[in-house]
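Peer 1: Structure incoming, see below.
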Amino acid sequence: MSNQRRYTKTHEWITVDGKTVTVGITDFAQSQLGDVVFLELPSPGRKLAVRESFGVVESVKAASDLYSPVAGRVTAVNDKLTAKPELINSDPYGDGWIMKVELTGDLPAELLDEAGYKTVTEASAG
Amino acid sequence: MTTGALNLAASAQHRTPLYDRHVALGGRMVDFGGWELPQQYTSIRDEHLAVRKAAGLFDISHMGRLVVEGGAAEAYLQRLFTNDLSQLAPSHAMYTLMCQEDGGAIDDLVVYREAADRFLVVVNASNREKDIAWMTKHIPAGVSTKDHTGDMSLIAFQGPRAQSLLPRDSSPTDDIPYFAFRPGKVAGVPALVSRTGYTGEDGFELFVDSNRVGDVWDAILAEGKSEGVLPAGLGARDATRLEAALRLYGNDMDETVNPYEAGLGWTVKLGKGDFIGRDALAKVKEKGARRSLVGLVTAPGDIPRHGAAVSHAGSRIGVITSGTHSFFLGHPIALALVEGPSLRVGEKVTIEVRGREAPAEVVKLPFYRGSARSAAAPATS
C-alpha cells in the first residue's frame with residue numbers, strides 16, 4: 001500500500017514512503033474551490049495530531065481549513081506554492097503537494113481508498 | 001404590467017437560452033440570484049486576464065429587461081429614479097439608482113432611451129421582481145411596462161480589443177460613444193449594440209432575440225479564439241467589476257444604504273424636481289453621509305471577505321462589502337462600508353481575516369481604470 005493514494009473525508013490525500021507521508025488536497029477539492037490564490041502552511045518541525053488543522057487554502061471563492069490525515073511531525077512544506085499557489089489547481093497530485101510529515105505510529109484506520117473516497121465526492125457533488 | 005415570456009412558475013431556478021452552451025463549454029454552474037450561471041469555465045484567473053488583455057464574453061441574460069413606454073414615461077421614470085432623464089438623449093444610456101422614500105437604494109440600474117417616449121430599463125436579476133412590484137405600484141395612466149427578460153437575451157463582450165474582435169458581418173461600432181447604443185447587427189444577427197459594461201473595459205452589451213443569441217455567442221467565440229477571447233463566468237465578472245469599483249447591489253448596498261453612502265451621490269440630481277426619496281436624500285446631502293464606501297488593499301493571502309469587520313485605531317468602524325484576490329493587480333482588493341466621513345487615502349485600518357486582524361490600507365478608487373471610455377461616464381453630473 002506504499003505508493004497508493006489514501007484519502008480523508010475532508011478531501012486531503014496522502015502517499016506513504018516508509019515513515020514519510022506526503023499530503024495534498026484532491027482534484028475534487030481543487031475543482032470545488034476554484035482558483036487557489038494563497039496557502040497558509042505549517043512550519044517544519046510542527047507536531048500534528050490526526051484531523052488537526054494545519055493550514056488554510058484561500059481560493060477566489062472562500063478560505064478553507066486543511067486537516068492533517070495523519071499524526072506526525074512536519075518535515076517539509078512545498079515552498080513552490082508560495083509563488084505559484086495555482087499548482088494546487090493544475091497538478092494537485094504532483095507539483096501541488098502541500099507538505100511531508102514523518103509518521104508517528106500507524107496510519108489511521110479512517111483513511112479511505114479510491115473507491116471509498118469516490119463515494120464521498122459523489123455524495124457532495126449532488 | 002404584463003409578465004412577458006419568462007415563465008416563473010414552479011422552479012425557482014432559471015436558465016438562460018445559453019445554458020446548454022455553458023455546460024458544453026465546461027461551465028461550473030452555480031445559483032446566482034435564482035439563475036443557473038457559470039462561475040467559471042476553465043479558470044477565473046484566465047477569464048479575468050482575457051477581459052483585461054483581449055476580450056471576454058459574458059452571458060448576462062439573467063439581468064431583468066423592462067420596456068417602459070408612453071407619453072408619460074419620462075415623467076414616470078423621473079419620479080422613480082434619482083438621476084435626471086431630461087439629460088438623456090435618445091440612443092444614450094444612463095446609470096441611476098431607484099430609492100425608497102427614506103433614500104435607501106431599491107436597485108441600481110441602467111436606463112436606455114430608445115425614443116422620446118420609450119425606455120429600456122436593465123435591472124439586477126435578484127431585484128427584478130421587487131423592482132417590478134415597486135414600479136407597478138407607482139405607475140400612472142399613459143404608461144405601460146413590459147418584461148422582456150425572456151424573449152430578449154443580453155450578452156456582454158468586454159475588453160480593450162472588443163471592438164476589433166467583433167465577428168464578421170457586424171455593423172461598425174467606432175462611432176458609438178461610451179454609454180450610447182444603436183440598432184445594428186452582430187455576426188449577421190440583428191442586435192441592439194450598446195457601448196456599456198460592468199468590467200471597466202471598453203466593450204459592448206448586446207441585446208439579441210433569445211432565438212438568435214446562440215448564433216452571436218458562437219460566432220464571437222469562434223472568431224475570437226485565436227486572439228485570446230474566452231467565455232467568462234461570474235468569477236471574472238465579479239473580479240473585473242470590483243477592480244473598476246463598480247458596486248454590486250446586495251453586497252455594497254441595499255435598502256439600508258443611501259446613494260451618498262455608496263459613493264454614488266453623482267447619480268442623485270436634487271435639482272431636477274421631485275422624485276421618490278428626494279427629501280430624505282436632500283437631508284443626507286446637507287448633513288453629510290453617516291457612512292462611506294472606501295477602497296482597501298491588503299497583503300497577498302489576506303483576502304477580505306464580505307461581512308468581515310473593519311477596525312480603525314482599535315474601534316470597529318464597519319464591514320467589508322466586497323473583496324477578492326485581484327489576479328490582474330496581484331493582491332487582494334476590497335470595498336468597505338465604514339462609519340463617518342471617508343477615511344483618507346493612505347490611512348491604515350485592520351480587517352478580520354480568518355479570525356485574526358490583518359493590516360489594510362485605504363486607496364483611491366477605482367483600483368484599476370481600464371479601457372472604458374471615461375469621457376462620457378457621469379457626463380451629466
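A note on labels: chains of the C-alpha cells are A, B, ... as shown, every chain counts residues from 1, and ligands are counted from 1 in their shown order.
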Which residues of chain B are close to chain A, meaning at most 7 Å apart when you count only C-alpha atoms, and how do they look as a ChimeraX atom specification?
Peer 2: /B:43-45,301,324-325
Peer 1: Output C-alpha atoms for every residue in that selection, as a PDB file, in the first residue's frame.
Peer 2:
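The file below, selection.pdb, is the result:
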```pdb
ATOM      1  CA  SER B  43     -10.144  29.267 -14.639  1.00  0.00           C
ATOM      2  CA  ILE B  44     -11.267  32.555 -13.125  1.00  0.00           C
ATOM      3  CA  ARG B  45      -7.697  33.781 -13.495  1.00  0.00           C
ATOM      4  CA  GLY B 301      -3.224  35.973   1.142  1.00  0.00           C
ATOM      5  CA  THR B 324     -11.425  39.299  -3.767  1.00  0.00           C
ATOM      6  CA  HIS B 325      -7.930  38.477  -4.860  1.00  0.00           C
TER       7      HIS B 325
END
```
Peer 1: Applying 8 Å and only C-alpha atoms, which residues near Val208 in chain B remain after dropping the ones on its own chain fewer than 5 positions away? List them as an mmCIF file with N, CA and C atoms, in the first residue's frame.
Peer 2:
```
data_model
loop_
_atom_site.group_PDB
_atom_site.id
_atom_site.type_symbol
_atom_site.label_atom_id
_atom_site.label_comp_id
_atom_site.auth_asym_id
_atom_site.auth_seq_id
_atom_site.Cartn_x
_atom_site.Cartn_y
_atom_site.Cartn_z
ATOM 1 N N MET B 152 -35.782 38.570 -24.900
ATOM 2 C CA MET B 152 -34.622 39.335 -25.350
ATOM 3 C C MET B 152 -33.432 38.952 -24.464
ATOM 4 N N SER B 153 -32.396 38.395 -25.072
ATOM 5 C CA SER B 153 -31.228 37.988 -24.281
ATOM 6 C C SER B 153 -30.195 39.109 -24.240
ATOM 7 N N LEU B 154 -29.246 38.966 -23.337
ATOM 8 C CA LEU B 154 -28.228 40.006 -23.174
ATOM 9 C C LEU B 154 -26.875 39.344 -22.932
ATOM 10 N N VAL B 189 -26.670 38.942 -37.205
ATOM 11 C CA VAL B 189 -27.906 38.836 -36.423
ATOM 12 C C VAL B 189 -28.290 40.224 -35.897
ATOM 13 N N PRO B 190 -29.545 40.621 -36.068
ATOM 14 C CA PRO B 190 -29.964 41.933 -35.543
ATOM 15 C C PRO B 190 -29.734 42.016 -34.033
ATOM 16 N N ALA B 191 -29.178 43.143 -33.606
ATOM 17 C CA ALA B 191 -28.877 43.328 -32.178
ATOM 18 C C ALA B 191 -28.937 44.803 -31.848
ATOM 19 N N LEU B 192 -29.263 45.086 -30.600
ATOM 20 C CA LEU B 192 -29.107 46.433 -30.092
ATOM 21 C C LEU B 192 -27.704 46.461 -29.489
ATOM 22 N N VAL B 213 -29.603 34.386 -30.098
ATOM 23 C CA VAL B 213 -28.437 34.786 -29.300
ATOM 24 C C VAL B 213 -27.323 33.728 -29.341
#
```
Peer 1: Please give the complete set of residues from range 163-313 of chain B that DSSP, run on the backbone, assigns to strand (DSSP E or B), formatted as a VMD selection string.
Peer 2: chain B and resid 180 to 186 189 to 194 203 to 209 230 to 231 249 253 291 to 298 309 to 312
Peer 1: With N, CA and C atoms retained, could you export that selection as a JSON list (two decimals), in the first residue's frame?
Peer 2:
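That gives us selection_30.json:
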```json
[["chain", "number", "residue", "atom", "x", "y", "z"],
["B", 180, "ALA", "N", -23.66, 54.89, -25.12],
["B", 180, "ALA", "CA", -24.63, 55.10, -26.20],
["B", 180, "ALA", "C", -24.88, 53.76, -26.87],
["B", 181, "PHE", "N", -25.93, 53.68, -27.67],
["B", 181, "PHE", "CA", -26.28, 52.40, -28.31],
["B", 181, "PHE", "C", -27.00, 52.68, -29.61],
["B", 182, "ARG", "N", -27.06, 51.66, -30.46],
["B", 182, "ARG", "CA", -27.87, 51.78, -31.66],
["B", 182, "ARG", "C", -28.22, 50.38, -32.17],
["B", 183, "PRO", "N", -29.31, 50.33, -32.96],
["B", 183, "PRO", "CA", -29.62, 49.04, -33.56],
["B", 183, "PRO", "C", -28.62, 48.72, -34.65],
["B", 184, "GLY", "N", -28.24, 47.49, -34.78],
["B", 184, "GLY", "CA", -27.28, 47.08, -35.79],
["B", 184, "GLY", "C", -27.35, 45.59, -35.93],
["B", 185, "LYS", "N", -26.21, 45.00, -36.31],
["B", 185, "LYS", "CA", -26.16, 43.55, -36.32],
["B", 185, "LYS", "C", -24.79, 43.08, -35.89],
["B", 186, "VAL", "N", -24.77, 41.89, -35.33],
["B", 186, "VAL", "CA", -23.53, 41.25, -34.91],
["B", 186, "VAL", "C", -23.54, 39.84, -35.49],
["B", 189, "VAL", "N", -26.67, 38.94, -37.21],
["B", 189, "VAL", "CA", -27.91, 38.84, -36.42],
["B", 189, "VAL", "C", -28.29, 40.22, -35.90],
["B", 190, "PRO", "N", -29.55, 40.62, -36.07],
["B", 190, "PRO", "CA", -29.96, 41.93, -35.54],
["B", 190, "PRO", "C", -29.73, 42.02, -34.03],
["B", 191, "ALA", "N", -29.18, 43.14, -33.61],
["B", 191, "ALA", "CA", -28.88, 43.33, -32.18],
["B", 191, "ALA", "C", -28.94, 44.80, -31.85],
["B", 192, "LEU", "N", -29.26, 45.09, -30.60],
["B", 192, "LEU", "CA", -29.11, 46.43, -30.09],
["B", 192, "LEU", "C", -27.70, 46.46, -29.49],
["B", 193, "VAL", "N", -26.83, 47.30, -30.08],
["B", 193, "VAL", "CA", -25.42, 47.31, -29.71],
["B", 193, "VAL", "C", -25.17, 48.50, -28.79],
["B", 194, "SER", "N", -24.81, 48.21, -27.54],
["B", 194, "SER", "CA", -24.65, 49.27, -26.55],
["B", 194, "SER", "C", -23.22, 49.29, -26.04],
["B", 203, "GLY", "N", -16.11, 47.96, -24.57],
["B", 203, "GLY", "CA", -16.85, 46.76, -24.96],
["B", 203, "GLY", "C", -18.33, 47.04, -25.11],
["B", 204, "PHE", "N", -19.06, 45.97, -25.29],
["B", 204, "PHE", "CA", -20.46, 46.10, -25.70],
["B", 204, "PHE", "C", -21.36, 45.19, -24.88],
["B", 205, "GLU", "N", -22.56, 45.68, -24.69],
["B", 205, "GLU", "CA", -23.63, 44.82, -24.22],
["B", 205, "GLU", "C", -24.59, 44.69, -25.41],
["B", 206, "LEU", "N", -24.89, 43.44, -25.75],
["B", 206, "LEU", "CA", -25.64, 43.16, -26.97],
["B", 206, "LEU", "C", -26.99, 42.55, -26.60],
["B", 207, "PHE", "N", -28.04, 43.28, -26.98],
["B", 207, "PHE", "CA", -29.40, 42.78, -26.77],
["B", 207, "PHE", "C", -29.82, 42.05, -28.03],
["B", 208, "VAL", "N", -30.11, 40.76, -27.90],
["B", 208, "VAL", "CA", -30.38, 39.92, -29.07],
["B", 208, "VAL", "C", -31.61, 39.06, -28.80],
["B", 209, "ASP", "N", -32.41, 38.86, -29.82],
["B", 209, "ASP", "CA", -33.55, 37.97, -29.71],
["B", 209, "ASP", "C", -33.10, 36.62, -29.14],
["B", 230, "LEU", "N", -12.15, 34.58, -24.53],
["B", 230, "LEU", "CA", -12.65, 33.45, -23.76],
["B", 230, "LEU", "C", -14.06, 33.73, -23.28],
["B", 231, "PRO", "N", -14.87, 32.68, -23.13],
["B", 231, "PRO", "CA", -16.12, 32.87, -22.39],
["B", 231, "PRO", "C", -15.75, 33.11, -20.93],
["B", 249, "TYR", "N", -25.09, 45.46, -6.17],
["B", 249, "TYR", "CA", -26.24, 45.55, -5.28],
["B", 249, "TYR", "C", -26.38, 44.24, -4.52],
["B", 253, "MET", "N", -24.42, 47.62, -1.41],
["B", 253, "MET", "CA", -25.55, 48.46, -0.99],
["B", 253, "MET", "C", -26.82, 47.61, -0.99],
["B", 291, "ARG", "N", -22.09, 57.19, 6.68],
["B", 291, "ARG", "CA", -21.09, 56.17, 6.36],
["B", 291, "ARG", "C", -20.54, 56.44, 4.97],
["B", 292, "SER", "N", -19.44, 55.76, 4.63],
["B", 292, "SER", "CA", -18.93, 55.90, 3.27],
["B", 292, "SER", "C", -18.29, 54.60, 2.81],
["B", 293, "LEU", "N", -18.30, 54.41, 1.50],
["B", 293, "LEU", "CA", -17.71, 53.22, 0.90],
["B", 293, "LEU", "C", -16.28, 53.57, 0.49],
["B", 294, "VAL", "N", -15.33, 52.80, 0.99],
["B", 294, "VAL", "CA", -13.92, 53.09, 0.69],
["B", 294, "VAL", "C", -13.25, 51.86, 0.07],
["B", 295, "GLY", "N", -12.15, 52.13, -0.62],
["B", 295, "GLY", "CA", -11.36, 51.05, -1.21],
["B", 295, "GLY", "C", -10.22, 50.65, -0.29],
["B", 296, "LEU", "N", -9.97, 49.35, -0.16],
["B", 296, "LEU", "CA", -8.88, 48.84, 0.69],
["B", 296, "LEU", "C", -8.03, 47.87, -0.11],
["B", 297, "VAL", "N", -6.74, 47.85, 0.20],
["B", 297, "VAL", "CA", -5.87, 46.80, -0.32],
["B", 297, "VAL", "C", -5.18, 46.12, 0.86],
["B", 298, "THR", "N", -4.86, 44.83, 0.68],
["B", 298, "THR", "CA", -4.21, 44.06, 1.73],
["B", 298, "THR", "C", -3.05, 43.29, 1.13],
["B", 309, "ALA", "N", -15.19, 42.27, 9.64],
["B", 309, "ALA", "CA", -15.12, 43.53, 10.37],
["B", 309, "ALA", "C", -13.93, 44.38, 9.94],
["B", 310, "VAL", "N", -14.13, 45.70, 9.93],
["B", 310, "VAL", "CA", -13.06, 46.65, 9.65],
["B", 310, "VAL", "C", -12.89, 47.53, 10.89],
["B", 311, "SER", "N", -11.65, 47.67, 11.36],
["B", 311, "SER", "CA", -11.38, 48.48, 12.55],
["B", 311, "SER", "C", -10.35, 49.55, 12.25],
["B", 312, "HIS", "N", -10.45, 50.63, 13.03],
["B", 312, "HIS", "CA", -9.52, 51.74, 12.86],
["B", 312, "HIS", "C", -9.16, 52.24, 14.26]]
```
Peer 1: I'd like to know which residues of range 29-126 of chain A are helix (DSSP H, G or I) (by DSSP, run on the backbone); could you write them as JSON, numbers by chain?
Peer 2: {"A": [29, 30, 31, 32, 33, 80, 81, 82, 83, 87, 88, 89, 90, 114, 115, 116, 117, 118, 119, 120, 121, 122, 123, 124, 125]}
Peer 1: Restricted to C-alpha atoms, what would the selected residues look like written as a PDB file, in the first residue's frame?
Peer 2:
```pdb
ATOM      1  CA  ALA A  29     -11.289  19.642  -3.731  1.00  0.00           C
ATOM      2  CA  GLN A  30      -9.355  21.946  -6.050  1.00  0.00           C
ATOM      3  CA  SER A  31     -12.131  21.886  -8.625  1.00  0.00           C
ATOM      4  CA  GLN A  32     -14.694  22.810  -5.983  1.00  0.00           C
ATOM      5  CA  LEU A  33     -12.524  25.563  -4.519  1.00  0.00           C
ATOM      6  CA  LYS A  80       6.806  26.459  -4.662  1.00  0.00           C
ATOM      7  CA  LEU A  81       3.211  27.064  -3.577  1.00  0.00           C
ATOM      8  CA  THR A  82       4.140  30.441  -2.105  1.00  0.00           C
ATOM      9  CA  ALA A  83       4.877  31.877  -5.533  1.00  0.00           C
ATOM     10  CA  LEU A  87      -0.094  24.423  -8.770  1.00  0.00           C
ATOM     11  CA  ILE A  88      -2.839  23.159  -6.453  1.00  0.00           C
ATOM     12  CA  ASN A  89      -5.260  23.534  -9.362  1.00  0.00           C
ATOM     13  CA  SER A  90      -3.046  22.404 -12.206  1.00  0.00           C
ATOM     14  CA  GLU A 114     -10.056   5.302  -4.046  1.00  0.00           C
ATOM     15  CA  ALA A 115     -13.480   3.653  -4.028  1.00  0.00           C
ATOM     16  CA  GLY A 116     -14.286   4.922  -0.539  1.00  0.00           C
ATOM     17  CA  TYR A 117     -13.354   8.474  -1.464  1.00  0.00           C
ATOM     18  CA  LYS A 118     -15.395   8.296  -4.645  1.00  0.00           C
ATOM     19  CA  THR A 119     -18.467   7.665  -2.507  1.00  0.00           C
ATOM     20  CA  VAL A 120     -17.690  10.845  -0.564  1.00  0.00           C
ATOM     21  CA  THR A 121     -17.311  13.014  -3.684  1.00  0.00           C
ATOM     22  CA  GLU A 122     -20.405  11.615  -5.329  1.00  0.00           C
ATOM     23  CA  ALA A 123     -22.396  12.447  -2.223  1.00  0.00           C
ATOM     24  CA  SER A 124     -21.128  16.038  -2.033  1.00  0.00           C
ATOM     25  CA  ALA A 125     -21.267  16.695  -5.775  1.00  0.00           C
TER      26      ALA A 125
END
```
Peer 1: Could you please determine the separation between CA of Gly265 in chain B and CA of Leu77 in chain B in Å, to one decimal place?
Peer 2: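 Computed distance, CA of Gly265 in chain B to CA of Leu77 in chain B, equals 18.2 Å.
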Peer 1: Excluding same-chain residues fewer than 5 positions from Pro42 in chain A, what lies within 10 Å of it counting only C-alpha atoms, as a list in words?
Peer 2: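 Close residues of Pro42 in chain A: Lys47, Leu48, Ser53, Phe54, Gly55, Val56, Val74, Thr75, Ala76, Val77, Ile98 and Met99 of chain A.
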Peer 1: Between CA of Phe179 in chain B and CA of Met94 in chain B, what is the distance, to one decimal in Å?
Peer 2: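 Calculated distance between CA of Phe179 in chain B and CA of Met94 in chain B is 6.9 Å.
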